[in-house]
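Single-structure report; data block below.
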Protein chains: 2
Amino acid sequence: MHDRNQREICVLGLGLIGGSVLRGAIAAGWTGWAYNRSAVGADAARAEGYDADTDLARVLRRAADSDALIVLGVPMPAMDDVLAAVAAHAPDAALTDVVSVQGPLRPLVARHGLSRRYVGSHPMAGSAASGWAASTAELFTDAAWVVGCDDGADPAVWTRVARLALECGAVVVPAGSAEHDAAVARISHLPHLLAEALALAGAAGGDLALGLAAGSFRDGTRVAGSAPALVRAMCEANADALLPTLDEALQVLTDARDMLARDRSTAGLVEAGHAARQRYEQQQPWTISGIEPSDPDWLERLREAGRRGGVLRAW
Amino acid sequence: MHDRNQREICVLGLGLIGGSVLRGAIAAGWTGWAYNRSAVGADAARAEGYDADTDLARVLRRAADSDALIVLGVPMPAMDDVLAAVAAHAPDAALTDVVSVQGPLRPLVARHGLSRRYVGSHPMAGSAASGWAASTAELFTDAAWVVGCDDGADPAVWTRVARLALECGAVVVPAGSAEHDAAVARISHLPHLLAEALALAGAAGGDLALGLAAGSFRDGTRVAGSAPALVRAMCEANADALLPTLDEALQVLTDARDMLARDRSTAGLVEAGHAARQRYEQQQPWTISGIEPSDPDWLERLREAGRRGGVLRAW
């Protein structure tokens with residue numbers, strides 16, 4: 001009934017990420033169709049030859065009939081209504097998402113009784129632009145795409161999500177949802193908060209300080225240029241993981257402050273920070289092999305490999 | 001005796017900045033010669049046709065004889081010895097520096113009895129590389145070059161330093177030494193400390209987090225790749241101005257942390273940070289005019305104009 005090689009996809013929400021998933025999957029030979037709330041977006045997709053519709057029930061019934069993989073690509077505020085429709089029209093369909101933070105989404109999926117065939121995912125790609133118009137089939141080329149490895153994941157659904165990621169050109173990073181959320185707090189949400197704080201510190205120096213700003217300030221504040229609504233949405237959705245990360249950074253900076261005041265030295269922070277950046281520059285993903293969904297501990301082994309920097313390039 | 005149009009320059013230290021000053025001034029038609037402690041650097045400059053010498057006393061006597069502008073381009077640890085030589089061989093020469101932080105330098109200049117004809121300066125330019133080999137005549141093209149406006153500055157020396165900056169292709173930003181140090185703490189030294197802290201936070205997430213890192217982490221940690229000795233030297237020399245700036249940033253981040261914990265909101269920080277970044281992006285320097293060194297309050301007026309984002313494009 002659930003063919004591992006089934007390549008039908010139903011994308012809900014044609015924003016930058018959802019739109020790029022639809023484009024990428026179809027470019028890779030999948031059969032795909034999509035729901036978009038606004039007629040403008042659906043019309044734009046149809047004008048390019050994509051099968052897009054504003055009738056969510058109809059789109060979902062087709063997914064149920066063909067056992068397609070449903071991809072949740074709507075923003076979190078719209079998620080409750082969309083999941084209610086999935087539960088009503090395609091309650092047994094394979095289900096994934098591309099909305100980043102797993103913490104708030106998993107309980108919502110459970111509340112709608114959809115956990116059994118749900119496997120979360122998160123393609124680590126984006127651009128300064130947003131919406132269908134910015135989407136491309138190549139957005140995920142060589143990107144990391146996290147596929148959730150929480151205990152109980154359905155191997156058939158997991159396989160379909162992993163293949164979608166691989167066929168869109170990404171490498172698959174296996175991770176549990178909690179460790180995923182903790183990782184993105186460190187490498188995506190904390191950078192945004194520090195950039196905002198740095199922008200504020202510069203502007204508080206007035207036109208003299210801003211006029212002297214060069215590369216370190218420009219790069220360090222770049223993402224403070226992102227739309228506040230988007231930055232808030234991602235940081236606030238991940239508040240539970242972001243808080244301990246922010247506390248950790250505050251402690252590091254407070255220790256550095258104390259060392260600077262006491263010894264007029266920044267040795268501790270600067271030397272450790274430089275070593276950390278070098279580790280980042282030198283990091284090379286290695287290819288996971290030899291794990292099969294038929295292994296009893298496959299999810300645990302995948303999580304463990306992901307923690308050590310492993311990626312799947314085939315599945 | 002002190003010709004406003006005199007265009008002779010004596011550069012002490014042929015590193016990236018000092019070397020670029022020598023090259024830039026000579027390209028603009030100045031007569032220039034230089035001292036470099038290492039024979040390797042001096043030989044390299046001579047091989048390109050520049051007049052470079054390892055005999056500090058001889059170089060300084062020539063500066064005294066021709067009333068050249070002496071440019072201090074040696075690192076802070078070498079400054080005391082170099083200033084002692086200036087006091088011995090060219091005590092009445094016009095004197096400036098290109099070593100960034102003014103706080104620790106001014107008392108040192110005073111201790112050697114050289115304050116009367118000293119005007120500090122700081123070209124806001126650099127590169128990832130260092131040393132004579134990295135220096136270029138174009139390094140300062142369109143850069144901001146701070147020229148110190150502390151009370152008592154000698155108008156003739158000030159004019160020579162400003163003209164050097166302008167003829168090297170820079171715009172002159174007038175500022176008092178304390179407000180200069182406070183500004184660079186905000187836009188150069190704090191960015192380095194935040195980048196180090198962010199690199200540490202990412203690496204603490206292990207290979208999983210580093211493997212998921214994308215643009216926000218890469219840009220936010222870029223300057224943590226700078227040599228720790230250089231980062232330490234500039235941050236620690238400016239400890240007095242950096243401490244209150246770091247405290248301010250810690251307070252902003254602590255407030256954001258409390259709002260996130262209490263209200264699950266990042267509104268305060270994100271909206272203010274975005275507005276600050278926009279202010280930075282939109283900042284355009286305006287051209288100061290109508291201030292002359294014959295005005296009794298010229299230094300105060302220049303400082304005030306610099307605070308409001310004004311630059312000199314001619315002097």
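Just so we're on the same page: first chain in the structure tokens is A, next is B, and so on; residues restart at 1 for each chain, and ligands are numbered from 1 in the order they show up.
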Do you have, as a Markdown table, the list of residues of region 71-117 of chain A lying at most 10 Å from region 137-154 of chain A, each with its nearest atom pair and that distance in Å to one decimal, counting only C-alpha atoms and ordered by chain then number?
| residue | atom | partner | partner_atom | distance |
| --- | --- | --- | --- | --- |
| A:Ala94 | CA | A:Asp154 | CA | 9.1 |
| A:Thr96 | CA | A:Val147 | CA | 9.1 |
| A:Asp97 | CA | A:Val147 | CA | 9.7 |
| A:Val98 | CA | A:Trp145 | CA | 9.4 |
| A:Ser100 | CA | A:Val146 | CA | 9.2 |
| A:Gln102 | CA | A:Gly148 | CA | 8.8 |
| A:Ser115 | CA | A:Ala153 | CA | 8.8 |
| A:Arg116 | CA | A:Asp154 | CA | 7.2 |
| A:Arg117 | CA | A:Asp154 | CA | 6.1 |
Write out as a list in words which residues come within 10 Å of region 131-134 of chain A when counting only C-alpha atoms, dropping same-chain ones fewer than 6 positions away. Gly13, Leu14, Gly15, Leu16, Ile17, Gly18, Gly19, Ser20, Asn36, Val40, Gly41, Ala42, Ala44 and Ala45 of chain A
Helix (DSSP H, G or I) call set, DSSP backbone run, region 120-235 of chain B, as a PyMOL selection string: chain B and resi 132-134+155-167+177-203+206-212+215-220+222-225+228-235
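The list of residues with at least one atom within 8 Å of Arg307 (chain A), based on only C-alpha atoms and without residues fewer than 2 positions apart in the same chain, reads Ala175, Arg303, Glu304, Ala305, Gly309 and Gly310 of chain A; Gly206, Asp207 and Leu208 of chain B.
Take the candidates B:Ser216, B:Asn238, B:Ser289, B:Ser135 and check each one against chain A using only C-alpha atoms; the shortest distance goes to B:Ser216.
Here CA of Thr54 (chain B) and CA of Gly24 (chain B) stand 20.8 Å from one another.
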Could you list, as an MDAnalysis selection string, every residue within 9 Å of Ala227 (chain A), counting only C-alpha atoms and ignoring same-chain residues fewer than 5 positions away? (chainID A and resid 232) or (chainID B and resid 271 274)
Print the selection's residues with C-alpha atoms to a file, as a PDB file, in the first residue's frame.
ATOM      1  CA  ARG A 232      10.142  37.475  15.614  1.00  0.00           C
TER       2      ARG A 232
ATOM      3  CA  GLU B 271      11.954  46.094  16.172  1.00  0.00           C
ATOM      4  CA  HIS B 274      15.819  46.595  12.690  1.00  0.00           C
TER       5      HIS B 274
END
Once DSSP has gone over the backbone, tell me which residues of region 53-252 of chain B are in strand (DSSP E), as an MDAnalysis selection string. chainID B and resid 53 69:72 94:97 121:123 144:148 171:175
Those same residues, written as a compact mmCIF listing (two decimals), in the first residue's frame with C-alpha atoms?
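Final output, saved to out16.txt:
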# COMPACT_ATOMS: atom_id res chain seq x y z
CA ASP B 53 65.72 52.93 6.33
CA LEU B 69 54.96 65.51 9.20
CA ILE B 70 55.90 62.42 11.21
CA VAL B 71 53.35 59.57 11.06
CA LEU B 72 53.51 57.05 13.91
CA ALA B 94 54.54 67.92 13.39
CA LEU B 95 53.30 64.55 14.64
CA THR B 96 50.34 62.27 13.97
CA ASP B 97 49.54 58.56 14.29
CA SER B 121 44.35 60.39 13.38
CA HIS B 122 42.77 57.08 12.45
CA PRO B 123 42.12 55.90 8.90
CA ALA B 144 36.66 57.67 6.57
CA TRP B 145 39.81 59.06 8.21
CA VAL B 146 39.31 60.50 11.66
CA VAL B 147 41.44 63.54 12.49
CA GLY B 148 41.54 64.44 16.19
CA VAL B 171 37.17 61.88 3.65
CA VAL B 172 38.06 63.51 6.97
CA VAL B 173 35.82 62.81 9.96
CA PRO B 174 36.52 65.34 12.74
CA ALA B 175 36.18 63.96 16.29
Who sits within 9 Å of Ala57 (chain A), only C-alpha atoms, same chain under 6 positions skipped, as a ChimeraX atom specification: /A:85-86,88-90
